[in-house]
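So this one's my_file_34.txt, compact mmCIF, C-alpha atoms:
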# COMPACT_ATOMS: atom_id res chain seq x y z
CA MET A 1 -19.04 -17.75 14.95
CA SER A 2 -19.45 -17.51 18.71
CA GLY A 3 -19.45 -14.86 21.40
CA LEU A 4 -21.30 -11.61 21.85
CA ASN A 5 -20.08 -8.06 22.21
CA GLN A 6 -21.34 -5.98 25.12
CA LYS A 7 -23.79 -3.98 23.03
CA GLU A 8 -25.42 -7.16 21.70
CA PHE A 9 -25.47 -8.54 25.22
CA GLU A 10 -27.25 -5.47 26.60
CA LYS A 11 -29.85 -5.59 23.84
CA LEU A 12 -30.62 -9.23 24.61
CA ALA A 13 -30.14 -9.25 28.38
CA LEU A 14 -31.83 -6.08 29.63
CA PRO A 15 -35.34 -7.20 28.56
CA LEU A 16 -34.69 -10.34 30.62
CA LEU A 17 -34.15 -8.44 33.86
CA ASP A 18 -37.75 -8.79 35.04
CA PRO A 19 -38.15 -12.45 33.95
CA LEU A 20 -34.85 -13.37 35.65
CA TYR A 21 -35.78 -11.51 38.83
CA ASN A 22 -39.24 -13.10 38.83
CA PHE A 23 -37.69 -16.58 38.44
CA ALA A 24 -35.14 -15.81 41.15
CA ARG A 25 -37.88 -14.70 43.58
CA TRP A 26 -39.78 -17.94 43.03
CA MET A 27 -36.60 -19.90 43.73
CA CYS A 28 -35.25 -17.88 46.69
CA HIS A 29 -38.47 -16.66 48.36
CA ASP A 30 -36.47 -13.57 49.38
CA ALA A 31 -36.25 -10.17 47.65
CA ASP A 32 -32.65 -9.34 48.69
CA GLU A 33 -31.36 -12.76 47.78
CA ALA A 34 -33.12 -12.62 44.40
CA ARG A 35 -31.65 -9.19 43.76
CA ASP A 36 -28.10 -10.42 44.53
CA LEU A 37 -28.67 -13.50 42.43
CA VAL A 38 -29.69 -11.49 39.36
CA GLN A 39 -26.73 -9.14 39.77
CA GLU A 40 -24.35 -12.06 40.04
CA THR A 41 -25.97 -13.65 36.99
CA PHE A 42 -25.38 -10.52 34.92
CA ALA A 43 -21.78 -10.30 36.17
CA LYS A 44 -21.10 -13.93 35.28
CA ALA A 45 -22.80 -13.64 31.88
CA LEU A 46 -20.79 -10.51 31.12
CA LYS A 47 -17.56 -12.36 31.90
CA ALA A 48 -18.61 -15.33 29.78
CA LEU A 49 -19.76 -13.44 26.68
CA SER A 50 -17.09 -15.03 24.52
CA SER A 51 -18.31 -18.52 25.43
CA PHE A 52 -21.88 -17.91 24.26
CA GLN A 53 -22.50 -20.02 21.18
CA GLU A 54 -24.42 -18.23 18.46
CA GLY A 55 -27.47 -20.21 17.44
CA THR A 56 -28.16 -21.36 20.98
CA ASN A 57 -30.97 -19.77 22.93
CA PHE A 58 -29.81 -16.70 24.85
CA ARG A 59 -32.73 -16.79 27.28
CA ALA A 60 -32.04 -20.42 28.14
CA TRP A 61 -28.35 -19.50 28.60
CA MET A 62 -29.19 -16.69 31.04
CA PHE A 63 -31.64 -18.84 33.00
CA ARG A 64 -29.00 -21.56 33.17
CA ILE A 65 -26.43 -19.15 34.65
CA LEU A 66 -29.04 -17.87 37.13
CA ARG A 67 -29.99 -21.34 38.26
CA ASN A 68 -26.41 -22.59 38.50
CA THR A 69 -25.56 -19.53 40.57
CA PHE A 70 -28.57 -20.19 42.79
CA LEU A 71 -27.60 -23.84 43.30
CA THR A 72 -24.21 -22.80 44.67
CA SER A 73 -25.79 -20.32 47.11
CA ARG A 74 -26.65 -21.30 50.68
CA THR A 75 -30.38 -21.55 49.93
CA GLY A 76 -29.60 -23.48 46.76
CA LEU A 77 -27.41 -25.97 48.58
CA GLU A 78 -30.12 -26.49 51.19
CA ARG A 79 -32.61 -27.09 48.41
CA ARG A 80 -30.35 -29.60 46.66
CA ASN A 81 -30.46 -31.75 49.77
CA THR A 82 -34.24 -31.83 49.91
CA VAL A 83 -35.42 -31.61 46.31
CA GLN A 84 -34.33 -35.11 45.27
CA GLU A 85 -36.30 -36.78 48.00
CA SER A 86 -39.44 -34.72 47.52
CA GLU A 87 -39.59 -35.32 43.77
CA GLU A 88 -38.79 -39.01 43.86
CA GLY A 89 -41.36 -39.50 46.55
CA PHE A 90 -44.11 -37.83 44.57
CA ASP A 91 -47.09 -40.12 44.47
CA ASP A 92 -48.35 -40.45 40.90
CA SER A 93 -51.38 -42.42 42.03
CA VAL A 94 -52.76 -39.21 43.49
CA VAL A 95 -53.45 -37.91 40.04
CA SER A 96 -53.78 -41.10 38.03
CA ASN A 97 -57.51 -40.56 37.76
CA GLU A 98 -57.09 -37.10 36.37
CA THR A 99 -60.27 -35.77 34.88
CA PRO A 100 -59.62 -32.45 33.19
CA GLU A 101 -62.08 -29.94 34.52
CA LEU A 102 -62.02 -26.72 32.62
CA ALA A 103 -64.46 -25.13 35.02
CA LEU A 104 -62.15 -25.91 37.93
CA VAL A 105 -59.25 -23.97 36.47
CA ARG A 106 -61.51 -21.11 35.46
CA ARG A 107 -62.87 -20.81 38.99
CA ALA A 108 -59.37 -20.38 40.40
CA ASP A 109 -58.28 -16.78 40.85
CA THR A 110 -54.69 -15.62 40.37
CA GLU A 111 -53.85 -15.68 44.07
CA LEU A 112 -55.04 -19.26 44.39
CA VAL A 113 -52.97 -20.34 41.38
CA GLN A 114 -49.95 -18.53 42.86
CA GLN A 115 -50.40 -20.51 46.07
CA ALA A 116 -50.72 -23.70 44.04
CA ILE A 117 -47.47 -22.90 42.19
CA ALA A 118 -45.73 -22.01 45.46
CA ALA A 119 -46.79 -25.38 46.89
CA LEU A 120 -45.07 -27.31 44.08
CA PRO A 121 -41.77 -29.04 44.76
CA ALA A 122 -38.96 -26.76 43.55
CA GLY A 123 -38.00 -28.98 40.60
CA PHE A 124 -41.56 -29.00 39.31
CA GLN A 125 -42.04 -25.31 39.95
CA GLU A 126 -39.07 -24.21 37.86
CA VAL A 127 -40.09 -26.43 34.91
CA VAL A 128 -43.65 -25.17 34.84
CA ILE A 129 -42.57 -21.51 35.10
CA LEU A 130 -40.03 -21.87 32.29
CA ALA A 131 -42.55 -23.68 30.07
CA ASP A 132 -45.74 -21.72 30.71
CA LEU A 133 -44.52 -18.23 31.61
CA GLU A 134 -41.21 -17.97 29.79
CA GLU A 135 -42.45 -20.19 26.95
CA LEU A 136 -39.13 -21.99 26.54
CA LYS A 137 -39.16 -25.13 24.40
CA TYR A 138 -38.59 -28.45 26.13
CA GLN A 139 -35.03 -28.64 24.79
CA GLU A 140 -34.29 -25.10 26.01
CA ILE A 141 -35.61 -25.98 29.46
CA ALA A 142 -33.43 -29.10 29.43
CA ASP A 143 -30.44 -26.92 28.54
CA ALA A 144 -31.26 -24.31 31.19
CA LEU A 145 -31.76 -26.86 33.98
CA VAL A 146 -29.12 -29.32 32.75
CA ILE A 147 -31.53 -32.28 32.79
CA PRO A 148 -32.61 -34.70 30.03
CA ILE A 149 -35.55 -33.63 27.87
CA GLY A 150 -37.50 -36.69 29.05
CA THR A 151 -37.18 -35.44 32.62
CA VAL A 152 -38.51 -32.05 31.52
CA MET A 153 -41.57 -33.71 30.01
CA SER A 154 -42.28 -35.94 32.99
CA ARG A 155 -41.75 -33.13 35.52
CA LEU A 156 -44.00 -30.84 33.51
CA ALA A 157 -46.78 -33.44 33.38
CA ARG A 158 -46.45 -34.11 37.11
CA ALA A 159 -46.30 -30.40 37.92
CA ARG A 160 -49.49 -29.73 36.00
CA ASN A 161 -51.28 -32.66 37.59
CA LEU A 162 -50.23 -31.50 41.03
CA LEU A 163 -51.40 -27.98 40.19
CA ARG A 164 -54.82 -29.35 39.20
CA GLN A 165 -54.97 -31.29 42.42
CA ASN A 166 -53.93 -28.29 44.53
CA ILE A 167 -56.45 -26.03 42.81
CA ALA A 168 -59.24 -28.58 43.23
CA ASN A 169 -58.40 -29.04 46.90
CA ALA A 170 -58.24 -25.31 47.53
CA LEU A 171 -61.63 -24.81 45.90
CA GLN A 172 -63.00 -27.55 48.15
CA GLY A 173 -61.54 -25.81 51.19
CA LYS A 174 -58.73 -28.32 51.74
CA LYS A 175 -55.12 -27.39 52.35
CA PHE A 176 -52.58 -27.52 49.53
CA GLY A 177 -50.98 -30.90 49.09
CA GLN A 178 -53.77 -32.72 50.92
CA LYS A 179 -55.14 -35.87 49.35
CA ALA A 180 -58.79 -36.68 49.22
CA ASP A 181 -58.23 -39.14 52.08
CA GLY A 182 -56.78 -36.36 54.23
CA LYS A 183 -53.10 -37.42 53.95
CA ARG A 184 -50.50 -35.01 52.66
CA SER A 185 -48.96 -35.70 49.25
CA VAL A 186 -45.17 -35.78 49.30
CA GLY A 187 -43.40 -32.68 48.09
CA ALA A 188 -46.06 -30.15 48.89
CA LYS A 189 -45.07 -27.41 51.28
CA PRO A 190 -46.97 -26.92 54.48
CA MET B 1 -60.31 -41.12 28.26
CA ASN B 2 -58.85 -43.80 25.99
CA CYS B 3 -58.26 -41.85 22.82
CA GLU B 4 -54.88 -42.67 21.26
CA TRP B 5 -54.20 -38.95 20.83
CA ARG B 6 -54.58 -38.28 24.53
CA GLU B 7 -50.88 -38.55 25.30
CA LYS B 8 -50.03 -35.95 22.67
CA ILE B 9 -52.23 -33.22 24.10
CA ALA B 10 -49.51 -31.64 26.25
CA LEU B 11 -47.11 -31.68 23.29
CA PHE B 12 -49.79 -30.07 21.12
CA VAL B 13 -50.54 -27.35 23.66
CA ASP B 14 -46.83 -26.68 24.21
CA ASP B 15 -46.28 -26.47 20.44
CA GLU B 16 -43.77 -29.31 20.61
CA LEU B 17 -45.20 -31.52 17.85
CA GLN B 18 -43.70 -31.56 14.38
CA PRO B 19 -45.72 -29.39 11.95
CA ALA B 20 -47.32 -32.42 10.26
CA ALA B 21 -48.32 -33.98 13.59
CA GLN B 22 -49.61 -30.60 14.78
CA GLU B 23 -51.90 -30.47 11.73
CA GLN B 24 -53.06 -34.07 12.25
CA MET B 25 -53.87 -33.25 15.85
CA SER B 26 -55.85 -30.17 14.76
CA ALA B 27 -57.82 -32.31 12.31
CA HIS B 28 -58.47 -34.91 15.03
CA LEU B 29 -59.77 -32.24 17.40
CA ASN B 30 -62.51 -31.39 14.91
CA GLY B 31 -64.09 -34.77 15.53
CA CYS B 32 -63.15 -35.64 19.11
CA ALA B 33 -65.02 -33.80 21.84
CA GLU B 34 -63.02 -35.44 24.63
CA CYS B 35 -59.64 -34.35 23.28
CA THR B 36 -61.00 -30.88 22.50
CA ALA B 37 -62.13 -30.53 26.12
CA ALA B 38 -58.74 -31.74 27.33
CA VAL B 39 -56.91 -29.26 25.09
CA ALA B 40 -59.12 -26.43 26.35
CA GLU B 41 -58.37 -27.41 29.95
CA HIS B 42 -54.62 -27.66 29.28
CA MET B 43 -54.65 -24.23 27.65
CA ALA B 44 -56.66 -22.72 30.50
CA LEU B 45 -54.21 -24.12 33.05
CA LYS B 46 -51.24 -22.91 31.02
CA LYS B 47 -52.76 -19.45 30.80
CA ALA B 48 -53.57 -19.38 34.51
CA VAL B 49 -49.97 -20.32 35.33
CA ARG B 50 -48.63 -17.69 32.93
CA VAL B 51 -50.65 -14.97 34.63
CA ALA B 52 -50.05 -16.16 38.19
CA ALA B 53 -46.34 -16.95 37.84
CA ASN B 54 -45.59 -13.48 36.51
CA ARG B 55 -45.59 -12.17 40.03
CA TYR B 56 -42.47 -10.10 40.65
CA SER B 57 -40.85 -7.16 38.83
CA ALA B 58 -37.25 -6.16 39.29
CA PRO B 59 -37.11 -3.18 41.69
CA PRO B 60 -35.85 0.15 40.27
CA ASP B 61 -32.62 -0.03 42.27
CA LEU B 62 -31.81 -3.37 40.62
CA HIS B 63 -32.29 -1.77 37.19
CA ALA B 64 -29.90 0.97 38.29
CA ALA B 65 -27.39 -1.52 39.71
CA ILE B 66 -27.36 -3.58 36.51
CA TYR B 67 -26.95 -0.44 34.43
CA THR B 68 -23.96 0.59 36.57
CA GLN B 69 -22.58 -2.94 36.27
CA LEU B 70 -22.78 -2.71 32.48
CA HIS B 71 -21.37 0.83 32.33
CA PRO B 72 -18.82 1.06 35.12
CA HIS B 73 -17.03 3.98 33.45
CA ALA B 74 -20.23 6.01 33.28
CA ARG B 75 -19.88 6.72 36.98
CA VAL B 76 -19.29 10.35 37.84
CA SER B 77 -18.30 11.95 41.09
CA PRO B 78 -21.16 12.77 43.46
CA TRP B 79 -20.16 16.48 43.44
CA TRP B 80 -20.49 16.61 39.67
CA LYS B 81 -23.88 14.87 39.91
CA TRP B 82 -25.09 17.35 42.52
CA GLY B 83 -23.84 20.28 40.47
CA MET B 84 -25.51 19.01 37.30
CA SER B 85 -28.74 18.22 39.11
CA LEU B 86 -28.86 21.70 40.57
CA ALA B 87 -28.11 23.30 37.20
CA CYS B 88 -30.80 21.19 35.49
CA LEU B 89 -33.33 22.00 38.18
CA THR B 90 -32.63 25.72 37.88
CA LEU B 91 -32.97 25.51 34.11
CA VAL B 92 -36.22 23.57 34.31
CA VAL B 93 -37.71 26.01 36.82
CA ALA B 94 -36.62 29.00 34.71
CA LEU B 95 -38.06 27.44 31.54
CA GLY B 96 -41.21 26.58 33.40
CA PHE B 97 -41.78 30.17 34.39
CA ALA B 98 -40.85 31.45 30.95
CA LEU B 99 -42.90 29.10 28.82
CA TRP B 100 -45.98 28.14 30.76
CA PRO B 101 -48.89 30.48 31.00
CA GLY B 102 -51.05 30.41 34.08
CA PRO B 103 -53.95 28.03 34.37
CA ARG B 104 -56.79 28.76 32.02
CA ALA B 105 -60.39 28.05 32.68
CA LYS B 106 -60.81 25.40 30.00
CA ASP B 107 -58.51 24.12 27.31
CA PRO B 108 -60.08 21.49 25.03
CA MET B 109 -56.70 19.95 24.18
CA VAL B 110 -55.69 19.50 27.84
CA ALA B 111 -59.16 18.23 28.73
CA GLU B 112 -58.92 15.68 25.91
CA LEU B 113 -55.47 14.50 26.99
CA VAL B 114 -56.45 14.29 30.65
CA ASP B 115 -59.52 12.27 29.63
CA GLN B 116 -57.31 9.88 27.66
CA HIS B 117 -54.99 9.56 30.67
CA VAL B 118 -57.88 8.88 33.06
CA ILE B 119 -59.21 6.23 30.65
CA ALA B 120 -55.78 4.59 30.72
CA LEU B 121 -55.77 4.67 34.55
CA SER B 122 -59.18 3.06 34.88
CA SER B 123 -59.12 0.60 31.98
CA PRO B 124 -58.31 -3.08 32.59
CA ASN B 125 -56.59 -3.00 29.18
CA PRO B 126 -54.90 0.41 29.17
CA VAL B 127 -52.56 -0.38 26.27
CA ASP B 128 -52.84 -2.26 22.98
CA VAL B 129 -49.19 -3.34 22.83
CA ILE B 130 -48.05 -4.65 26.19
CA SER B 131 -44.28 -4.63 26.55
CA GLU B 132 -41.56 -3.09 28.65
CA ASP B 133 -39.23 -3.29 25.68
CA ARG B 134 -39.07 -0.10 23.64
CA HIS B 135 -37.84 -2.18 20.70
CA THR B 136 -41.19 -3.96 20.73
CA VAL B 137 -43.42 -0.96 21.41
CA LYS B 138 -41.99 1.44 18.85
CA PRO B 139 -42.19 -0.94 15.84
CA TRP B 140 -45.81 -1.69 16.75
CA PHE B 141 -46.73 1.86 15.68
CA GLN B 142 -45.09 1.49 12.27
CA GLY B 143 -47.66 1.76 9.50
CA LYS B 144 -50.24 3.03 12.00
CA LEU B 145 -48.92 6.58 12.29
CA PRO B 146 -47.78 9.08 9.63
CA PHE B 147 -44.63 9.85 11.69
CA THR B 148 -42.01 8.12 13.74
CA PHE B 149 -40.42 8.81 17.12
CA ASN B 150 -37.82 7.37 19.46
CA LEU B 151 -38.26 5.99 22.95
CA PRO B 152 -35.53 6.35 25.56
CA GLU B 153 -33.60 3.52 27.22
CA LEU B 154 -34.97 3.31 30.77
CA ALA B 155 -32.31 1.12 32.38
CA GLY B 156 -30.95 2.83 35.44
CA SER B 157 -34.02 5.02 35.89
CA ASN B 158 -37.12 4.71 38.05
CA TYR B 159 -39.38 4.52 35.02
CA LYS B 160 -40.91 1.46 33.50
CA LEU B 161 -42.66 1.26 30.13
CA LEU B 162 -46.00 -0.57 30.26
CA GLY B 163 -46.84 -0.34 26.56
CA GLY B 164 -48.62 1.87 24.09
CA LYS B 165 -51.75 2.39 22.07
CA LEU B 166 -53.07 4.35 19.15
CA VAL B 167 -55.08 7.46 20.10
CA PHE B 168 -56.60 10.47 18.37
CA ILE B 169 -55.45 13.85 19.59
CA GLY B 170 -57.30 16.82 18.12
CA GLN B 171 -58.70 14.50 15.43
CA SER B 172 -55.21 13.43 14.35
CA PRO B 173 -53.68 10.01 14.94
CA GLY B 174 -51.12 9.86 17.71
CA ALA B 175 -49.32 7.52 20.08
CA GLU B 176 -49.94 7.11 23.77
CA LEU B 177 -47.11 5.53 25.77
CA LEU B 178 -47.85 4.49 29.33
CA TYR B 179 -45.07 4.56 31.92
CA THR B 180 -44.92 4.02 35.67
CA ALA B 181 -42.77 5.91 38.14
CA GLY B 182 -43.19 4.42 41.59
CA GLY B 183 -46.93 4.23 42.20
CA HIS B 184 -47.75 6.84 39.56
CA LYS B 185 -48.71 6.32 35.95
CA ILE B 186 -47.51 8.69 33.28
CA SER B 187 -49.07 9.03 29.82
CA VAL B 188 -46.88 10.39 27.06
CA PHE B 189 -48.78 11.49 23.96
CA ILE B 190 -47.02 12.12 20.67
CA ALA B 191 -48.70 13.72 17.66
CA GLU B 192 -47.68 15.76 14.65
CA GLU B 193 -47.00 19.40 15.51
CA LYS B 194 -49.76 21.77 14.44
CA LYS B 195 -48.26 24.93 13.02
CA GLY B 196 -49.54 28.10 14.60
CA GLY B 197 -51.18 26.20 17.44
CA LYS B 198 -51.05 27.73 20.88
CA PRO B 199 -49.23 25.82 23.61
CA PRO B 200 -51.82 23.99 25.71
CA ALA B 201 -52.59 25.29 29.15
CA ARG B 202 -51.98 23.43 32.37
CA SER B 203 -54.59 21.26 33.95
CA SER B 204 -55.73 22.17 37.43
CA THR B 205 -55.81 18.52 38.49
CA PHE B 206 -53.04 16.81 36.52
CA ASN B 207 -49.46 17.68 35.81
CA VAL B 208 -49.23 18.37 32.05
CA LYS B 209 -45.99 19.12 30.25
CA THR B 210 -45.62 19.72 26.55
CA TRP B 211 -42.96 20.59 24.02
CA THR B 212 -42.37 20.42 20.29
CA GLN B 213 -39.41 18.71 18.71
CA ASN B 214 -38.63 17.66 15.11
CA GLY B 215 -42.14 18.52 13.95
CA LEU B 216 -43.76 16.50 16.72
CA GLN B 217 -45.75 17.67 19.70
CA PHE B 218 -45.13 15.79 22.96
CA PHE B 219 -47.48 15.84 25.93
CA VAL B 220 -46.84 14.27 29.33
CA VAL B 221 -49.87 13.83 31.59
CA THR B 222 -49.61 12.45 35.11
CA ASP B 223 -50.50 12.91 38.75
CA ALA B 224 -46.82 12.50 39.64
CA SER B 225 -44.87 15.51 40.86
CA ASP B 226 -42.64 17.69 38.67
CA ASN B 227 -39.53 16.06 40.10
CA GLU B 228 -40.74 12.64 39.07
CA VAL B 229 -41.54 13.77 35.53
CA THR B 230 -38.54 15.96 34.75
CA GLN B 231 -36.13 13.10 34.11
CA LEU B 232 -38.55 11.32 31.77
CA VAL B 233 -39.06 14.54 29.81
CA SER B 234 -35.28 14.94 29.47
CA MET B 235 -34.88 11.31 28.40
CA LEU B 236 -37.60 11.66 25.75
CA GLN B 237 -36.05 14.89 24.48
CA GLU B 238 -32.62 13.27 24.31
CA ALA B 239 -33.97 10.18 22.50
CA ASN B 240 -35.65 12.36 19.85
CA ARG B 241 -32.75 14.76 19.36
CA SER B 242 -31.96 14.82 15.63
What is this file in structure tokens?
Amino acid sequence: MSGLNQKEFEKLALPLLDPLYNFARWMCHDADEARDLVQETFAKALKALSSFQEGTNFRAWMFRILRNTFLTSRTGLERRNTVQESEEGFDDSVVSNETPELALVRRADTELVQQAIAALPAGFQEVVILADLEELKYQEIADALVIPIGTVMSRLARARNLLRQNIANALQGKKFGQKADGKRSVGAKP
Amino acid sequence: MNCEWREKIALFVDDELQPAAQEQMSAHLNGCAECTAAVAEHMALKKAVRVAANRYSAPPDLHAAIYTQLHPHARVSPWWKWGMSLACLTLVVALGFALWPGPRAKDPMVAELVDQHVIALSSPNPVDVISEDRHTVKPWFQGKLPFTFNLPELAGSNYKLLGGKLVFIGQSPGAELLYTAGGHKISVFIAEEKKGGKPPARSSTFNVKTWTQNGLQFFVVTDASDNEVTQLVSMLQEANRS
């Protein structure tokens, strides 16, 4: 059996309004654009109710529609042109000597962590938000972002390492994305 | 760190290991301080991201827009809306004058409710069940209270449910639901109706509204204005109409 009726859709979709808007704001960096994006997502989902496959994850389905809609927007198209380069150019050596420091994370306040998340390349940011905030499984994230599950795992690992690095730098008074030698790591926003 | 389990730590923390592997990892953690420290750090980072990434809430007008999008036929003409609003306002004002006595010097029930509301305002953990979803909050009270109640659908309104907690009102168990309306917080208390009890008086500092319905006594305590509370009262009354 597949498809949803409108009542079922409302029951499942309305609790996702805040999570979808939150995700849209992180992607768009603009309140009006995020608002339009969420409205368009609901409109598209409503039209596509019959195509929803029962047994698949509804949250992942909604996030997928939101992200696909975003990628066809002006901001999304601009991002498509830059995201590939910034992620491929990410320098793994920066974090190869990762030494987990519990105290470091605990010293970071929410605002600092928000800045560290904001400084992530977009492709890393969306993976870490879907995994850690929305608690989607790797396969659901892969479905939502239309990428292989292996890419989800590697982006997640890189995102977390970059977050650690950004938090450590910020606590040492350095700018986000700055390496210990003073150079900027690729992909971090100014 | 050279432990062979090291590469599985992220999978363990993300609950992505098969149940058997998850158990093996748990057993390994009992004897490996390095992996235990790494798991603790991973979990702390995950928690920090969860808190920090939850940064934006959908604005009330987006809730309203989505509601309209889902119920396009529910639209009514502006004249009808104005007429109904005016009629409701008149009714509320008339009922207000008819039912509410003037302020009394001290009413233990109101003082108790206002105290509970102030505690909720100042507490870092104002509710025990944190959810904006009424279908999560209401079932949480099942088995904890000797009665049941309904919570209204808030889509399309300016109100947002923050959660609820168990309270004692006049030495009886009751529910406290915490809502926001703009910058104001609103506590809704629900307890079993006490037969022969006098209606509580108003508070001189907080806006208190109360009514009985289906054997339950409802109290709304807030610093928000009457206009901001009226709709929530109507929605609660509608949701609990038998």
Length of the CA of Ala48 (chain B) to CA of Ala24 (chain A) vector [Å]: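 Distance between the two atoms: 19.9 Å.
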Residue neighbourhood His29 (chain A), 10 Å, only C-alpha atoms, exclusion window fewer than 5 positions, as a ChimeraX atom specification: /A:23-24,34,75,118
Selection file, C-alpha atoms, as an mmCIF file, in the coordinates of the input:
data_model
loop_
_atom_site.group_PDB
_atom_site.id
_atom_site.type_symbol
_atom_site.label_atom_id
_atom_site.label_comp_id
_atom_site.auth_asym_id
_atom_site.auth_seq_id
_atom_site.Cartn_x
_atom_site.Cartn_y
_atom_site.Cartn_z
ATOM 1 C CA PHE A 23 -37.690 -16.580 38.440
ATOM 2 C CA ALA A 24 -35.140 -15.810 41.150
ATOM 3 C CA ALA A 34 -33.120 -12.620 44.400
ATOM 4 C CA THR A 75 -30.380 -21.550 49.930
ATOM 5 C CA ALA A 118 -45.730 -22.010 45.460
#
Atom pair CA of Ala103 (chain A) / CA of Arg158 (chain A): separation (Å): 20.2 Å
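Ranking A:Arg67, A:Lys47, A:Arg59, A:Arg160 by their shortest atom-to-atom distance to chain B, with all atoms listed in the file included, puts A:Arg160 first.
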Residues of chain B within 6 Å of chain A, only C-alpha atoms counted, as a PyMOL selection string: chain B and resi 38+41+46+50+52+56-58
Could you dump the residues just selected with C-alpha atoms as an mmCIF file, in the frame of the given file?
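Okay, this is what ended up in out.cif:
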data_model
loop_
_atom_site.group_PDB
_atom_site.id
_atom_site.type_symbol
_atom_site.label_atom_id
_atom_site.label_comp_id
_atom_site.auth_asym_id
_atom_site.auth_seq_id
_atom_site.Cartn_x
_atom_site.Cartn_y
_atom_site.Cartn_z
ATOM 1 C CA ALA B 38 -58.740 -31.740 27.330
ATOM 2 C CA GLU B 41 -58.370 -27.410 29.950
ATOM 3 C CA LYS B 46 -51.240 -22.910 31.020
ATOM 4 C CA ARG B 50 -48.630 -17.690 32.930
ATOM 5 C CA ALA B 52 -50.050 -16.160 38.190
ATOM 6 C CA TYR B 56 -42.470 -10.100 40.650
ATOM 7 C CA SER B 57 -40.850 -7.160 38.830
ATOM 8 C CA ALA B 58 -37.250 -6.160 39.290
#
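The interatomic distance for the pair CA of Asn5 (chain A) and CA of Lys44 (chain A) works out to 14.4 Å.
Across B:Ala33, B:Val221, B:Leu17, B:Leu161, the tightest approach to Gln116 (chain B) is made by B:Val221 when counting only C-alpha atoms.
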Distance query 7 Å from (-32.6, 0.8, 38.6) using only C-alpha atoms, result as a VMD selection string: chain B and resid 59 to 65 155 to 158
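Closest to Trp140 (chain B) among B:Ala40, B:Ile66, B:Leu11, B:Asp128 is B:Asp128, based on all atoms listed in the file.
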Minimum-distance residue to Ala168 (chain A), chosen among A:Arg107, A:Ala119, A:Val127, A:Glu78 (using all atoms listed in the file):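 Result for the nearest residue to Ala168 (chain A): A:Arg107.
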Polymer residues at most 12 Å from region 28-31 of chain B, only C-alpha atoms, same-chain spacing of 4 or more positions, as JSON, numbers by chain: {"B": [3, 4, 5, 6, 8, 9, 12, 21, 22, 23, 24, 35, 36, 37, 38, 39, 40]}
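When only C-alpha atoms are used to compute distances to Asn214 (chain B), the closest of the residues B:Pro72, B:Leu154, B:Met235, B:Thr148 turns out to be B:Thr148.
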Contacts of Ala239 (chain B) within 12 Å, all atoms listed in the file, excl. fewer than 3 positions in-chain, as an NGL selection string: :B and (134 or 149-154 or 213-214 or 232-236 or 242)
Atoms to include: C-alpha atoms. Write the selected residues as an mmCIF file, in the frame of the given file.
data_model
loop_
_atom_site.group_PDB
_atom_site.id
_atom_site.type_symbol
_atom_site.label_atom_id
_atom_site.label_comp_id
_atom_site.auth_asym_id
_atom_site.auth_seq_id
_atom_site.Cartn_x
_atom_site.Cartn_y
_atom_site.Cartn_z
ATOM 1 C CA ARG B 134 -39.070 -0.100 23.640
ATOM 2 C CA PHE B 149 -40.420 8.810 17.120
ATOM 3 C CA ASN B 150 -37.820 7.370 19.460
ATOM 4 C CA LEU B 151 -38.260 5.990 22.950
ATOM 5 C CA PRO B 152 -35.530 6.350 25.560
ATOM 6 C CA GLU B 153 -33.600 3.520 27.220
ATOM 7 C CA LEU B 154 -34.970 3.310 30.770
ATOM 8 C CA GLN B 213 -39.410 18.710 18.710
ATOM 9 C CA ASN B 214 -38.630 17.660 15.110
ATOM 10 C CA LEU B 232 -38.550 11.320 31.770
ATOM 11 C CA VAL B 233 -39.060 14.540 29.810
ATOM 12 C CA SER B 234 -35.280 14.940 29.470
ATOM 13 C CA MET B 235 -34.880 11.310 28.400
ATOM 14 C CA LEU B 236 -37.600 11.660 25.750
ATOM 15 C CA SER B 242 -31.960 14.820 15.630
#
All residues 12 Å or closer to Gln53 (chain A), all atoms listed in the file, same chain fewer than 4 positions away omitted, as an NGL selection string: :A and (1-4 or 48-49 or 57-58 or 60-61)
Output the selection as a PDB file, in the frame of the given file - C-alpha atoms for each residue.
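Printed below is part12.pdb as written:
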ATOM      1  CA  MET A   1     -19.040 -17.750  14.950  1.00  0.00           C
ATOM      2  CA  SER A   2     -19.450 -17.510  18.710  1.00  0.00           C
ATOM      3  CA  GLY A   3     -19.450 -14.860  21.400  1.00  0.00           C
ATOM      4  CA  LEU A   4     -21.300 -11.610  21.850  1.00  0.00           C
ATOM      5  CA  ALA A  48     -18.610 -15.330  29.780  1.00  0.00           C
ATOM      6  CA  LEU A  49     -19.760 -13.440  26.680  1.00  0.00           C
ATOM      7  CA  ASN A  57     -30.970 -19.770  22.930  1.00  0.00           C
ATOM      8  CA  PHE A  58     -29.810 -16.700  24.850  1.00  0.00           C
ATOM      9  CA  ALA A  60     -32.040 -20.420  28.140  1.00  0.00           C
ATOM     10  CA  TRP A  61     -28.350 -19.500  28.600  1.00  0.00           C
TER      11      TRP A  61
END
Neighbour list for region 172-174 of chain B as JSON, numbers by chain, cut-off 12 Å, all atoms listed in the file, skip fewer than 6 positions in-chain: {"B": [109, 113, 116, 141, 142, 143, 144, 145, 146, 147, 148, 149, 164, 165, 166, 188, 189, 190, 191, 192, 193, 194, 216, 217, 218, 219]}
